[in-house]
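Engineer: Input structure: model13.cif, which contains mmCIF, C-alpha atoms.
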```cif
data_run
loop_
_atom_site.label_atom_id
_atom_site.label_comp_id
_atom_site.auth_asym_id
_atom_site.auth_seq_id
_atom_site.Cartn_x
_atom_site.Cartn_y
_atom_site.Cartn_z
CA MET A 98 0.55 -74.35 -70.85
CA GLU A 99 -0.76 -74.24 -74.40
CA ARG A 100 1.53 -73.08 -77.09
CA GLY A 101 1.12 -69.43 -78.05
CA VAL A 102 -0.62 -68.51 -74.76
CA SER A 103 1.44 -66.08 -72.72
CA ARG A 104 1.80 -66.52 -68.99
CA THR A 105 -0.05 -63.95 -66.87
CA ALA A 106 2.27 -61.38 -65.32
CA LYS A 107 2.53 -61.74 -61.56
CA GLY A 108 3.22 -58.07 -60.89
CA PRO A 109 5.86 -56.71 -58.50
CA ARG A 110 6.86 -59.26 -55.86
CA LEU A 111 9.71 -60.20 -53.54
CA TRP A 112 12.17 -62.94 -54.37
CA LEU A 113 14.96 -64.17 -52.13
CA LYS A 114 18.03 -64.54 -54.31
CA PRO A 115 20.11 -67.48 -53.04
CA ALA A 116 23.69 -67.00 -51.92
CA GLU A 117 26.42 -67.67 -54.50
CA HIS A 118 29.52 -69.77 -53.74
CA ASP A 119 32.69 -70.38 -55.70
CA LYS A 120 32.37 -73.79 -57.37
CA ALA A 121 36.03 -74.62 -56.88
CA THR A 122 36.61 -73.49 -53.29
CA GLY A 123 33.09 -73.32 -51.92
CA LYS A 124 33.76 -69.84 -50.53
CA LEU A 125 30.90 -67.38 -50.33
CA ARG A 126 30.93 -64.92 -53.22
CA LYS A 127 27.61 -63.12 -52.81
CA LYS A 128 25.28 -63.19 -49.83
CA SER A 129 21.61 -64.02 -50.13
CA VAL A 130 19.48 -60.88 -50.52
CA TRP A 131 15.90 -59.88 -51.23
CA TRP A 132 15.10 -58.71 -54.77
CA ILE A 133 12.04 -57.03 -56.23
CA ARG A 134 11.02 -58.72 -59.49
CA ASP A 135 8.58 -57.01 -61.81
CA GLY A 136 8.54 -58.74 -65.20
CA ASP A 137 11.97 -58.12 -66.70
CA VAL A 138 12.79 -55.46 -64.11
CA VAL A 139 14.89 -56.44 -61.09
CA VAL A 140 15.54 -54.14 -58.12
CA VAL A 141 18.02 -55.15 -55.41
CA THR A 142 16.69 -54.11 -51.98
CA GLY A 143 19.95 -54.76 -50.11
CA CYS A 144 17.96 -56.47 -47.35
CA PRO A 145 19.35 -59.78 -46.00
CA PRO A 146 17.05 -62.83 -45.59
CA GLU A 147 16.20 -62.00 -41.96
CA ASP A 148 15.08 -58.46 -42.86
CA ARG A 149 11.81 -59.38 -44.54
CA PRO A 150 10.05 -56.29 -43.09
CA GLY A 151 12.64 -54.02 -44.70
CA ALA A 152 12.20 -55.80 -48.03
CA GLU A 153 8.43 -55.44 -47.82
CA LYS A 154 8.78 -51.73 -47.15
CA ALA A 155 11.03 -51.43 -50.22
CA LEU A 156 8.42 -53.32 -52.27
CA GLY A 157 5.68 -51.01 -51.02
CA ASP A 158 7.76 -47.94 -51.93
CA TYR A 159 8.45 -49.40 -55.38
CA ILE A 160 4.77 -50.06 -56.06
CA GLN A 161 3.75 -46.58 -54.94
CA ALA A 162 6.45 -44.95 -57.04
CA LYS A 163 5.49 -46.98 -60.11
CA TYR A 164 1.74 -46.91 -59.88
CA GLN A 165 -0.64 -44.00 -59.25
CA PRO A 166 -4.14 -45.21 -58.34
CA ALA A 167 -7.28 -43.72 -59.87
CA ARG A 168 -9.04 -41.19 -57.64
CA ASP A 169 -11.96 -40.27 -59.88
CA LYS A 170 -15.23 -39.35 -58.18
CA GLU A 171 -18.22 -41.67 -57.71
CA ARG A 172 -17.30 -44.42 -60.15
CA PRO A 173 -19.36 -47.63 -60.38
CA LEU A 174 -17.86 -50.68 -58.68
CA ARG A 175 -17.15 -52.50 -61.95
CA ASP A 176 -14.75 -49.69 -62.97
CA ILE A 177 -12.74 -49.66 -59.72
CA LEU A 178 -9.79 -52.00 -59.22
CA VAL A 179 -9.31 -53.46 -55.76
CA THR A 180 -5.61 -52.63 -56.05
CA ASP A 181 -6.56 -48.95 -56.49
CA VAL A 182 -8.53 -49.10 -53.27
CA LEU A 183 -5.66 -50.76 -51.40
CA THR A 184 -3.07 -48.33 -52.76
CA VAL A 185 -5.09 -45.26 -51.78
CA TYR A 186 -5.53 -46.68 -48.28
CA GLY A 187 -1.80 -47.43 -48.14
CA GLU A 188 -0.98 -43.83 -49.04
CA ASP A 189 -3.61 -42.01 -46.97
CA VAL A 190 -4.16 -44.08 -43.85
CA ALA A 191 -1.55 -46.80 -43.28
CA PRO A 192 1.34 -44.38 -42.48
CA LYS A 193 -0.65 -43.17 -39.46
CA HIS A 194 -0.92 -46.66 -37.97
CA ALA A 195 1.13 -47.69 -34.97
CA ARG A 196 2.97 -50.29 -37.11
CA PRO A 197 2.67 -49.10 -40.72
CA GLU A 198 5.11 -51.74 -41.98
CA LYS A 199 2.75 -54.49 -40.79
CA THR A 200 -0.19 -52.86 -42.52
CA ALA A 201 1.85 -52.51 -45.72
CA ALA A 202 2.72 -56.22 -45.61
CA ARG A 203 -0.97 -57.19 -45.31
CA LEU A 204 -1.96 -54.84 -48.15
CA ILE A 205 0.67 -56.45 -50.37
CA GLN A 206 -0.77 -59.91 -49.63
CA LEU A 207 -4.26 -58.68 -50.48
CA GLY A 208 -3.06 -57.01 -53.66
CA THR A 209 -1.33 -60.18 -54.84
CA TRP A 210 -4.61 -62.11 -54.97
CA TRP A 211 -6.99 -59.29 -55.95
CA ASP A 212 -4.69 -57.97 -58.70
CA GLY A 213 -6.75 -57.24 -61.83
CA LYS A 214 -10.11 -57.75 -60.07
CA ALA A 215 -12.78 -55.06 -59.79
CA VAL A 216 -14.51 -54.12 -56.54
CA SER A 217 -17.75 -55.54 -57.98
CA ALA A 218 -16.09 -58.99 -57.68
CA VAL A 219 -15.78 -58.65 -53.91
CA ASP A 220 -18.50 -60.90 -52.53
CA GLY A 221 -18.90 -63.87 -50.23
CA LYS A 222 -17.66 -66.39 -52.78
CA SER A 223 -14.50 -64.48 -53.71
CA VAL A 224 -13.72 -63.72 -50.06
CA ARG A 225 -13.96 -67.43 -49.19
CA GLU A 226 -11.71 -68.26 -52.16
CA TYR A 227 -9.18 -65.73 -50.89
CA GLY A 228 -9.27 -67.32 -47.45
CA ALA A 229 -8.75 -70.80 -48.88
CA TRP A 230 -5.78 -69.54 -50.93
CA ARG A 231 -4.14 -67.76 -48.00
CA LYS A 232 -4.48 -70.68 -45.61
CA LYS A 233 -2.38 -72.81 -47.94
CA GLN A 234 0.53 -70.38 -47.63
CA ALA A 235 3.23 -70.36 -44.97
CA TRP A 236 3.76 -67.45 -42.64
CA LYS A 237 6.30 -65.04 -44.07
CA SER A 238 8.64 -65.68 -41.12
CA ALA A 239 8.70 -69.45 -41.69
CA ARG A 240 12.19 -70.90 -42.23
CA PRO A 241 11.77 -74.67 -42.51
CA ASP A 242 15.20 -75.05 -44.16
CA ALA A 243 16.92 -73.44 -41.18
CA THR A 244 14.78 -74.81 -38.35
CA GLY A 245 13.97 -78.26 -39.71
CA LYS A 246 10.35 -77.73 -38.65
CA LYS A 247 7.35 -77.73 -40.93
CA ALA A 248 6.26 -74.20 -41.76
CA ARG A 249 3.06 -72.98 -40.09
CA THR A 250 0.40 -71.89 -42.53
CA VAL A 251 -1.75 -68.77 -42.28
CA THR A 252 -4.62 -69.18 -39.82
CA ASP A 253 -8.26 -68.09 -39.91
CA ALA A 254 -7.31 -65.24 -37.58
CA GLY A 255 -4.64 -64.10 -40.02
CA VAL A 256 -7.10 -64.17 -42.92
CA ARG A 257 -9.63 -62.19 -40.90
CA ARG A 258 -7.04 -59.53 -40.04
CA GLU A 259 -6.16 -59.04 -43.72
CA LEU A 260 -9.82 -58.86 -44.72
CA GLU A 261 -10.40 -56.24 -42.01
CA ASP A 262 -7.80 -54.13 -43.81
CA LEU A 263 -9.63 -54.64 -47.11
CA GLN A 264 -12.90 -53.54 -45.46
CA ALA A 265 -11.19 -50.47 -43.98
CA ALA A 266 -9.71 -49.63 -47.39
CA LEU A 267 -13.14 -49.88 -49.07
CA ASN A 268 -14.69 -47.69 -46.35
CA HIS A 269 -11.97 -45.06 -46.84
CA TYR A 270 -12.38 -45.08 -50.62
CA LEU A 271 -16.13 -44.55 -50.22
CA LYS A 272 -15.62 -41.80 -47.64
CA GLU A 273 -13.27 -39.97 -50.02
CA GLY A 274 -16.02 -39.99 -52.66
CA HIS A 275 -14.26 -42.29 -55.13
CA MET A 276 -17.11 -44.82 -55.39
CA ARG A 277 -20.91 -44.77 -55.08
CA GLU A 278 -21.88 -47.86 -53.10
CA VAL A 279 -21.12 -49.42 -49.75
CA VAL A 280 -19.34 -52.78 -49.94
CA LYS A 281 -19.53 -55.08 -46.90
CA ILE A 282 -17.19 -58.03 -46.61
CA PRO A 283 -18.39 -61.21 -44.85
CA LEU A 284 -15.58 -61.70 -42.34
CA PRO A 285 -14.66 -65.09 -40.85
CA PRO A 286 -15.78 -65.43 -37.20
CA LYS A 287 -13.48 -64.06 -34.52
CA SER A 288 -11.21 -66.48 -32.71
CA LEU A 289 -12.07 -67.30 -29.12
CA PRO A 290 -10.18 -65.07 -26.65
CA LYS A 291 -7.02 -66.68 -25.34
CA GLU A 292 -6.94 -67.16 -21.59
CA ARG A 293 -3.32 -68.26 -21.23
CA TYR A 294 -1.42 -66.35 -18.57
CA LEU A 295 1.70 -67.02 -16.53
CA GLU A 296 1.60 -68.32 -13.01
CA ARG A 297 4.18 -66.59 -10.82
CA ALA A 298 6.42 -69.64 -10.81
CA GLU A 299 6.31 -69.76 -14.63
CA ALA A 300 7.16 -66.04 -14.87
CA ALA A 301 10.11 -66.55 -12.53
CA ARG A 302 11.35 -69.52 -14.56
CA LEU A 303 11.08 -67.53 -17.79
CA LEU A 304 12.96 -64.60 -16.25
CA ARG A 305 15.79 -66.84 -15.02
CA THR A 306 16.10 -68.40 -18.48
CA MET A 307 16.33 -64.98 -20.13
CA LEU A 308 19.07 -63.90 -17.74
CA HIS A 309 21.17 -67.06 -17.86
CA MET A 310 20.52 -68.85 -21.18
CA PRO A 311 23.91 -69.12 -23.00
CA GLU A 312 24.47 -68.50 -26.66
CA ARG A 313 24.97 -71.67 -28.72
CA GLN A 314 27.20 -71.71 -31.79
CA THR A 315 28.14 -74.40 -34.30
CA VAL A 316 31.87 -74.97 -34.84
CA HIS A 317 32.65 -74.64 -38.55
CA ARG A 318 36.27 -75.75 -38.67
CA GLY A 319 38.83 -77.80 -36.80
CA PRO A 320 38.51 -81.16 -35.04
CA ARG A 321 35.23 -80.13 -33.41
CA LYS A 322 33.60 -79.09 -36.66
CA GLY A 323 29.84 -79.55 -36.53
CA GLN A 324 29.63 -79.54 -32.74
CA VAL A 325 27.33 -77.10 -30.96
CA ILE A 326 29.07 -75.32 -28.07
CA GLU A 327 27.93 -72.86 -25.43
CA THR A 328 29.63 -69.48 -25.17
CA ALA A 329 29.91 -67.00 -22.31
CA LYS A 330 27.44 -64.65 -24.02
CA ARG A 331 23.90 -64.24 -22.69
CA PRO A 332 21.96 -63.08 -25.77
CA ALA A 333 18.49 -63.02 -24.19
CA ARG A 334 19.10 -60.64 -21.30
CA HIS A 335 17.38 -57.77 -23.08
CA LEU A 336 14.22 -59.89 -23.10
CA ALA A 337 14.24 -59.88 -19.30
CA ARG A 338 13.55 -56.13 -19.46
CA PHE A 339 10.76 -56.75 -21.96
CA LEU A 340 9.25 -59.39 -19.68
CA LEU A 341 9.24 -57.18 -16.58
CA VAL A 342 7.72 -54.17 -18.36
CA GLY A 343 5.12 -56.39 -20.04
CA ILE A 344 3.98 -58.13 -16.88
CA TYR A 345 3.97 -55.09 -14.60
CA THR A 346 2.31 -52.65 -17.03
CA GLY A 347 0.29 -54.86 -19.41
CA THR A 348 1.68 -52.86 -22.34
CA ARG A 349 1.65 -54.31 -25.85
CA ALA A 350 4.92 -55.53 -27.36
CA ALA A 351 5.35 -52.79 -29.97
CA ALA A 352 4.97 -50.02 -27.40
CA ILE A 353 7.53 -51.63 -25.09
CA CYS A 354 10.08 -52.08 -27.88
CA SER A 355 9.81 -48.45 -29.02
CA ALA A 356 9.84 -46.85 -25.56
CA GLY A 357 12.69 -44.46 -24.85
CA PHE A 358 14.02 -42.62 -21.81
CA ALA A 359 13.16 -39.20 -23.24
CA PRO A 360 10.32 -37.87 -25.41
CA ALA A 361 11.00 -38.06 -29.14
CA GLU A 362 8.87 -38.11 -32.26
CA GLY A 363 7.59 -41.55 -33.20
CA ARG A 364 8.13 -43.34 -29.89
CA GLY A 365 6.70 -43.58 -26.39
CA TRP A 366 8.80 -42.62 -23.39
CA ILE A 367 9.18 -43.10 -19.65
CA ASP A 368 9.19 -40.13 -17.31
CA LEU A 369 11.81 -41.34 -14.84
CA LYS A 370 11.16 -38.51 -12.40
CA ARG A 371 7.39 -38.96 -12.07
CA GLY A 372 7.37 -42.70 -12.79
CA VAL A 373 4.90 -42.54 -15.68
CA PHE A 374 5.10 -44.58 -18.90
CA HIS A 375 3.71 -42.59 -21.84
CA ARG A 376 2.87 -45.53 -24.06
CA ARG A 377 1.50 -43.77 -27.12
CA LYS A 378 4.13 -42.58 -29.58
CA VAL A 379 4.79 -38.85 -29.53
CA GLY A 380 2.83 -37.29 -32.40
CA ALA A 381 0.67 -40.39 -32.96
CA ALA A 382 -3.12 -40.18 -33.08
CA GLU A 383 -5.35 -42.13 -30.71
CA THR A 384 -6.46 -45.51 -32.09
CA LYS A 385 -8.86 -48.25 -31.02
CA LYS A 386 -5.97 -49.88 -29.16
CA ARG A 387 -5.89 -47.41 -26.34
CA GLN A 388 -2.47 -46.50 -25.00
CA PRO A 389 -3.04 -44.19 -22.03
CA PRO A 390 -0.16 -43.22 -19.74
CA VAL A 391 0.39 -45.72 -16.94
CA ARG A 392 1.95 -45.22 -13.51
CA LEU A 393 4.84 -47.61 -12.98
CA PRO A 394 4.95 -49.85 -9.90
CA ASN A 395 7.77 -48.78 -7.58
CA ARG A 396 9.64 -52.06 -7.98
CA LEU A 397 9.66 -51.79 -11.79
CA LEU A 398 10.51 -48.07 -11.69
CA ALA A 399 13.61 -48.84 -9.63
CA HIS A 400 14.78 -51.32 -12.28
CA ILE A 401 14.11 -48.88 -15.15
CA ARG A 402 16.01 -46.06 -13.43
CA ARG A 403 18.94 -48.43 -13.01
CA TRP A 404 18.78 -49.42 -16.70
CA ALA A 405 18.76 -45.76 -17.74
CA ALA A 406 21.94 -45.17 -15.73
CA MET A 407 23.83 -48.12 -17.31
CA PRO A 408 25.98 -46.91 -20.24
CA ARG A 409 26.38 -48.95 -23.40
CA LYS A 410 29.63 -50.78 -24.11
CA ASP A 411 30.90 -47.78 -26.06
CA GLY A 412 30.18 -45.49 -23.12
CA SER A 413 27.19 -43.73 -24.66
CA PRO A 414 23.95 -43.45 -22.65
CA PRO A 415 21.10 -45.78 -23.61
CA GLU A 416 18.15 -44.31 -25.51
CA TYR A 417 15.62 -47.14 -25.27
CA VAL A 418 14.31 -49.24 -22.42
CA VAL A 419 14.93 -52.46 -24.37
CA GLU A 420 18.10 -52.51 -26.50
CA PHE A 421 20.12 -55.27 -28.12
CA ARG A 422 23.76 -54.49 -28.80
CA GLY A 423 23.08 -50.80 -28.42
CA GLN A 424 20.17 -50.73 -30.87
CA PRO A 425 16.39 -50.64 -30.36
CA VAL A 426 14.54 -53.90 -30.81
CA GLY A 427 11.97 -54.01 -33.60
CA GLU A 428 10.35 -57.35 -32.69
CA VAL A 429 10.93 -59.97 -30.01
CA ASN A 430 8.85 -62.86 -31.39
CA LYS A 431 11.67 -65.18 -32.45
CA GLY A 432 13.92 -64.58 -29.46
CA PHE A 433 10.97 -64.83 -27.10
CA ALA A 434 9.90 -68.15 -28.63
CA ALA A 435 13.43 -69.54 -28.23
CA VAL A 436 13.52 -68.61 -24.55
CA VAL A 437 10.04 -70.03 -23.95
CA ALA A 438 11.15 -73.36 -25.44
CA ALA A 439 14.35 -73.35 -23.36
CA ALA A 440 12.29 -72.70 -20.22
CA GLY A 441 10.13 -75.73 -20.95
CA LEU A 442 6.94 -73.76 -21.59
CA GLY A 443 4.58 -74.37 -24.49
CA PRO A 444 4.24 -72.43 -27.75
CA ASP A 445 1.05 -70.85 -26.41
CA VAL A 446 3.24 -68.50 -24.36
CA THR A 447 3.69 -65.52 -26.66
CA PRO A 448 4.67 -61.89 -25.96
CA HIS A 449 0.97 -60.95 -25.75
CA VAL A 450 0.54 -63.42 -22.88
CA LEU A 451 2.33 -60.86 -20.69
CA ARG A 452 -0.63 -58.51 -21.10
CA HIS A 453 -3.01 -61.32 -20.15
CA THR A 454 -0.82 -62.04 -17.14
CA CYS A 455 -0.93 -58.44 -15.93
CA ALA A 456 -4.72 -58.30 -16.21
CA THR A 457 -5.18 -61.70 -14.54
CA TRP A 458 -2.90 -60.90 -11.61
CA MET A 459 -4.76 -57.65 -10.96
CA MET A 460 -8.09 -59.48 -10.97
CA GLN A 461 -6.72 -62.11 -8.60
CA ALA A 462 -5.53 -59.31 -6.30
CA GLY A 463 -9.02 -57.77 -6.28
CA VAL A 464 -8.04 -54.46 -7.91
CA ASP A 465 -10.99 -52.16 -8.60
CA LEU A 466 -12.32 -52.75 -12.13
CA TRP A 467 -12.21 -49.07 -13.11
CA GLN A 468 -8.64 -48.69 -11.86
CA ALA A 469 -7.49 -51.87 -13.62
CA ALA A 470 -9.22 -50.96 -16.89
CA ALA A 471 -7.62 -47.50 -16.94
CA PHE A 472 -4.22 -49.04 -16.14
CA LEU A 473 -4.47 -51.55 -19.00
CA GLY A 474 -6.11 -49.21 -21.51
CA MET A 475 -9.30 -51.20 -22.08
CA THR A 476 -12.97 -50.81 -21.23
CA VAL A 477 -14.41 -52.11 -17.99
CA GLN A 478 -16.78 -54.31 -20.00
CA ILE A 479 -13.93 -56.06 -21.85
CA LEU A 480 -11.90 -56.44 -18.67
CA GLU A 481 -14.80 -57.95 -16.75
CA SER A 482 -15.94 -60.27 -19.55
CA THR A 483 -12.44 -61.55 -20.35
CA TYR A 484 -10.72 -61.61 -16.96
CA GLY A 485 -13.48 -61.13 -14.37
CA HIS A 486 -13.71 -64.84 -13.56
CA HIS A 487 -10.25 -64.65 -11.96
CA ARG A 488 -11.55 -62.40 -9.17
CA GLU A 489 -11.81 -64.03 -5.77
CA ASP A 490 -15.38 -62.72 -5.34
CA TYR A 491 -16.47 -63.91 -8.83
CA GLN A 492 -20.13 -65.04 -8.52
CA LYS A 493 -19.51 -65.61 -4.82
CA GLU A 494 -22.88 -64.25 -3.74
CA ALA A 495 -24.75 -66.29 -6.38
CA ALA A 496 -23.02 -69.52 -5.40
CA GLY A 497 -23.55 -68.73 -1.72
CA ALA A 498 -27.27 -68.36 -2.27
CA LEU A 499 -27.43 -71.91 -3.63
CA ASP A 500 -25.49 -73.18 -0.63
CA LYS A 501 -28.42 -71.94 1.44
CA GLY A 502 -30.91 -73.82 -0.69
CA GLY A 503 -32.12 -70.62 -2.29
CA ARG A 504 -33.58 -69.39 1.08
CA ARG A 505 -32.68 -66.44 3.19
CA GLU A 506 -30.44 -67.16 6.16
CA VAL A 507 -33.15 -66.61 8.76
CA GLU A 508 -35.46 -69.12 7.02
CA THR A 509 -32.73 -71.74 6.96
CA LEU A 510 -32.15 -71.30 10.70
CA ASP A 511 -35.90 -71.68 11.41
CA ILE A 512 -35.99 -75.03 9.56
CA GLU A 513 -32.94 -76.29 11.38
CA ASP A 514 -34.49 -75.25 14.71
CA ALA A 515 -37.67 -77.14 13.88
CA PHE A 516 -35.73 -80.34 13.23
CA THR A 517 -33.91 -79.86 16.52
CA ARG A 518 -37.13 -79.50 18.49
CA ARG A 519 -38.64 -82.58 16.81
CA ALA A 520 -35.62 -84.68 17.73
CA ALA A 521 -35.92 -83.53 21.31
#
```
Can you present the structure in this file as structure tokens?
Structural biologist:
Amino acid sequence: MERGVSRTAKGPRLWLKPAEHDKATGKLRKKSVWWIRDGDVVVVTGCPPEDRPGAEKALGDYIQAKYQPARDKERPLRDILVTDVLTVYGEDVAPKHARPEKTAARLIQLGTWWDGKAVSAVDGKSVREYGAWRKKQAWKSARPDATGKKARTVTDAGVRRELEDLQAALNHYLKEGHMREVVKIPLPPKSLPKERYLERAEAARLLRTMLHMPERQTVHRGPRKGQVIETAKRPARHLARFLLVGIYTGTRAAAICSAGFAPAEGRGWIDLKRGVFHRRKVGAAETKKRQPPVRLPNRLLAHIRRWAAMPRKDGSPPEYVVEFRGQPVGEVNKGFAAVVAAAGLGPDVTPHVLRHTCATWMMQAGVDLWQAAAFLGMTVQILESTYGHHREDYQKEAAGALDKGGRREVETLDIEDAFTRRAA
């Protein structure tokens, strides 16, 4: 950097402050924690390294408290900052989303790159530059130091999802009357739909692993220091509940994790008496990701009624269908991935594969398309185009016609009879 040229301010951002140890004894003095750094200002979030979502929420709250976006009417694009557009969307729309913390995290990523840029700069070239920049970055959950594995970088699908938020923010800003012109973002092409689903033997293997996989701990002192031992704890048993609900209802992961045994604001719930899973959160608006109520299969309902009757270790009744140590589960991605690896399945088996499995099994069983679509909360067109080829009668009539040489059955019999008479 040239002398006398100041470095451009990066704006508010998260920084993971390393843990501090006593130089003489090596004992831990201060744990690692997320900080918010904004120039010379430092704000301690109190969130440990594994609570990145909590730190991002704190960062979002800090930015909103510090900065009030411009909401003037019908301004030209060159006078509107992209960060204003994102902030207004974050205040007006994002809190109504099913997972507002995820939306906030994506808006922060967008704001980091578009900081200081006007909406007039949003074009094909700048969008491609943003995509190239993002795909060089690691996923926020990457921990190469802890896992020893190379961090995965952001994918084209991840870039597209963030740019969809930017488009939605621009549309909202226009709708509110804060700018004059429509801005369309050239989005990267959609990824091909994933067709991975679990065979029944794979689902059974995964369930057994969740129920019986032992906890592994590293010994930190004594003659066995450094050894990894198995304990009597079974830390993945809560995932067995997640697996069963996912496969037998086709419900998305977030809705399963937030489901309770009684109606309450901000979560879905299961009517144990009638056997109906109300997947949409109480008080939440309908979104493009439909979450209609679903009738539970009798076998799954019997399990859920049993879970509801099992008290926690402290004797209190459970509140949620899936709990870990008496608390609701926010996400299952990391634990699910660990169990998948232990079961000998590939990394393509993700929590969303359970939804694919439910849809595929119903198609293989020949369930009526309208019934299956209503059960899964998707349109018949999407169900048929994505999973229809798993039906036993898929293109059966068309293939059968070619078996007959393209002729009607009676014509085929006439030809065969003619050959028979000639041979005689």
Engineer: Using all atoms listed in the file, find the one residue out of A:Leu393, A:Leu442, A:Ala337, A:Met460 that sits nearest to A:His487.
Structural biologist: A:Met460
Engineer: Evaluating the PyMOL selection byres ((chain A and resi 285-287) around 9) on the displayed file yields which residues, as a list in words?
Structural biologist: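 Those residues are Arg225, Gly228, Asp253, Ala254, Val256, Arg257, Leu260, Pro283, Leu284, Ser288, Leu289 and Pro290 of chain A.
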Engineer: May I have the selected residues written with C-alpha atoms, as a PDB file, in the frame of the given file?
Structural biologist:
```
ATOM      1  CA  ARG A 225     -13.960 -67.430 -49.190  1.00  0.00           C
ATOM      2  CA  GLY A 228      -9.270 -67.320 -47.450  1.00  0.00           C
ATOM      3  CA  ASP A 253      -8.260 -68.090 -39.910  1.00  0.00           C
ATOM      4  CA  ALA A 254      -7.310 -65.240 -37.580  1.00  0.00           C
ATOM      5  CA  VAL A 256      -7.100 -64.170 -42.920  1.00  0.00           C
ATOM      6  CA  ARG A 257      -9.630 -62.190 -40.900  1.00  0.00           C
ATOM      7  CA  LEU A 260      -9.820 -58.860 -44.720  1.00  0.00           C
ATOM      8  CA  PRO A 283     -18.390 -61.210 -44.850  1.00  0.00           C
ATOM      9  CA  LEU A 284     -15.580 -61.700 -42.340  1.00  0.00           C
ATOM     10  CA  SER A 288     -11.210 -66.480 -32.710  1.00  0.00           C
ATOM     11  CA  LEU A 289     -12.070 -67.300 -29.120  1.00  0.00           C
ATOM     12  CA  PRO A 290     -10.180 -65.070 -26.650  1.00  0.00           C
TER      13      PRO A 290
END
```
Engineer: Is it possible to get the residues within 10 Å of (-13.5, -62.2, -10.1) (coordinates as in the file, counting all atoms listed in the file) written as a list in words?
Structural biologist: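 Returned residue set, sorted by chain then number, is Thr457, Met459, Met460, Gln461, Ala462, Gly463, Val464, Leu466, Glu481, Ser482, Tyr484, Gly485, His486, His487, Arg488, Glu489, Asp490, Tyr491, Gln492 and Lys493 of chain A.
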Engineer: Could you check how far atom CA of A:Leu156 sits from atom CA of A:Gly427, in Å to one decimal?
Structural biologist: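 Separation between atom CA of A:Leu156 and atom CA of A:Gly427: 19.0 Å.
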Engineer: May I ask which of the residues A:Ala399, A:Gly363, A:Ile479, A:Arg392 is the closest one to A:Pro192, counting all atoms listed in the file?
Structural biologist: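 Result for the nearest residue to A:Pro192: A:Gly363.
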Engineer: Would you mind reading off the distance between atom CA of A:Ile353 and atom CA of A:Ala248, one decimal, in Å?
Structural biologist: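 That distance, rounded to one decimal, is 28.1 Å.
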Engineer: For a quick check of understanding, using all atoms listed in the file, which of A:Tyr417, A:Trp131, A:Phe433, A:Phe472 has the smallest distance to A:Ala405?
Structural biologist: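 Checking each of A:Tyr417, A:Trp131, A:Phe433, A:Phe472 against A:Ala405, counting all atoms listed in the file, the winner is A:Tyr417.
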Engineer: Which residues, written as a list in words, have at least one atom at most 8 Å from A:Pro448, with only C-alpha atoms counted and residues fewer than 4 positions away on the same chain left out?
Structural biologist: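 Answer for this query is Ala350, Val429, Asn430, Phe433 and Arg452 of chain A.
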Engineer: What is the atom CA of A:Met310-atom CA of A:Glu292 distance in Å, reported with one decimal?
Structural biologist: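 For atom CA of A:Met310 relative to atom CA of A:Glu292, the distance reads 27.5 Å.
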Engineer: Would you mind telling me which residue in A:Val446, A:Met407, A:Leu473, A:Met307 lies nearest to A:Gly423 when using only C-alpha atoms?
Structural biologist: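 Closest to A:Gly423 of all the choices is A:Met407.
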Engineer: Would you list the residues near (-14.3, -46.4, -58.3) (no more than 7 Å away, in the coordinates of the file, using only C-alpha atoms) as a ChimeraX atom specification?
Structural biologist: /A:169,171-174,176-177,275-276
Engineer: Tell me which of A:Arg349, A:Lys501, A:Arg422, A:Arg249 sits closest to A:Ala195, counting all atoms listed in the file.
Structural biologist: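 Among the listed residues, the smallest separation from A:Ala195 belongs to A:Arg349.
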Engineer: Let me know the residues the PyMOL selection byres ((chain A and resi 313-316) around 10) catches in the file above, as a PyMOL selection string.
Structural biologist: chain A and resi 310-312+317-332
Engineer: Can you translate the PyMOL selection byres ((chain A and resi 144) around 12) into the concrete residues it hits in this file, as a list in words?
Structural biologist: Leu111, Trp112, Leu113, Lys114, Lys128, Ser129, Val130, Trp131, Trp132, Ile133, Val140, Val141, Thr142, Gly143, Pro145, Pro146, Glu147, Asp148, Arg149, Pro150, Gly151, Ala152, Glu153, Lys154, Ala155 and Leu156 of chain A
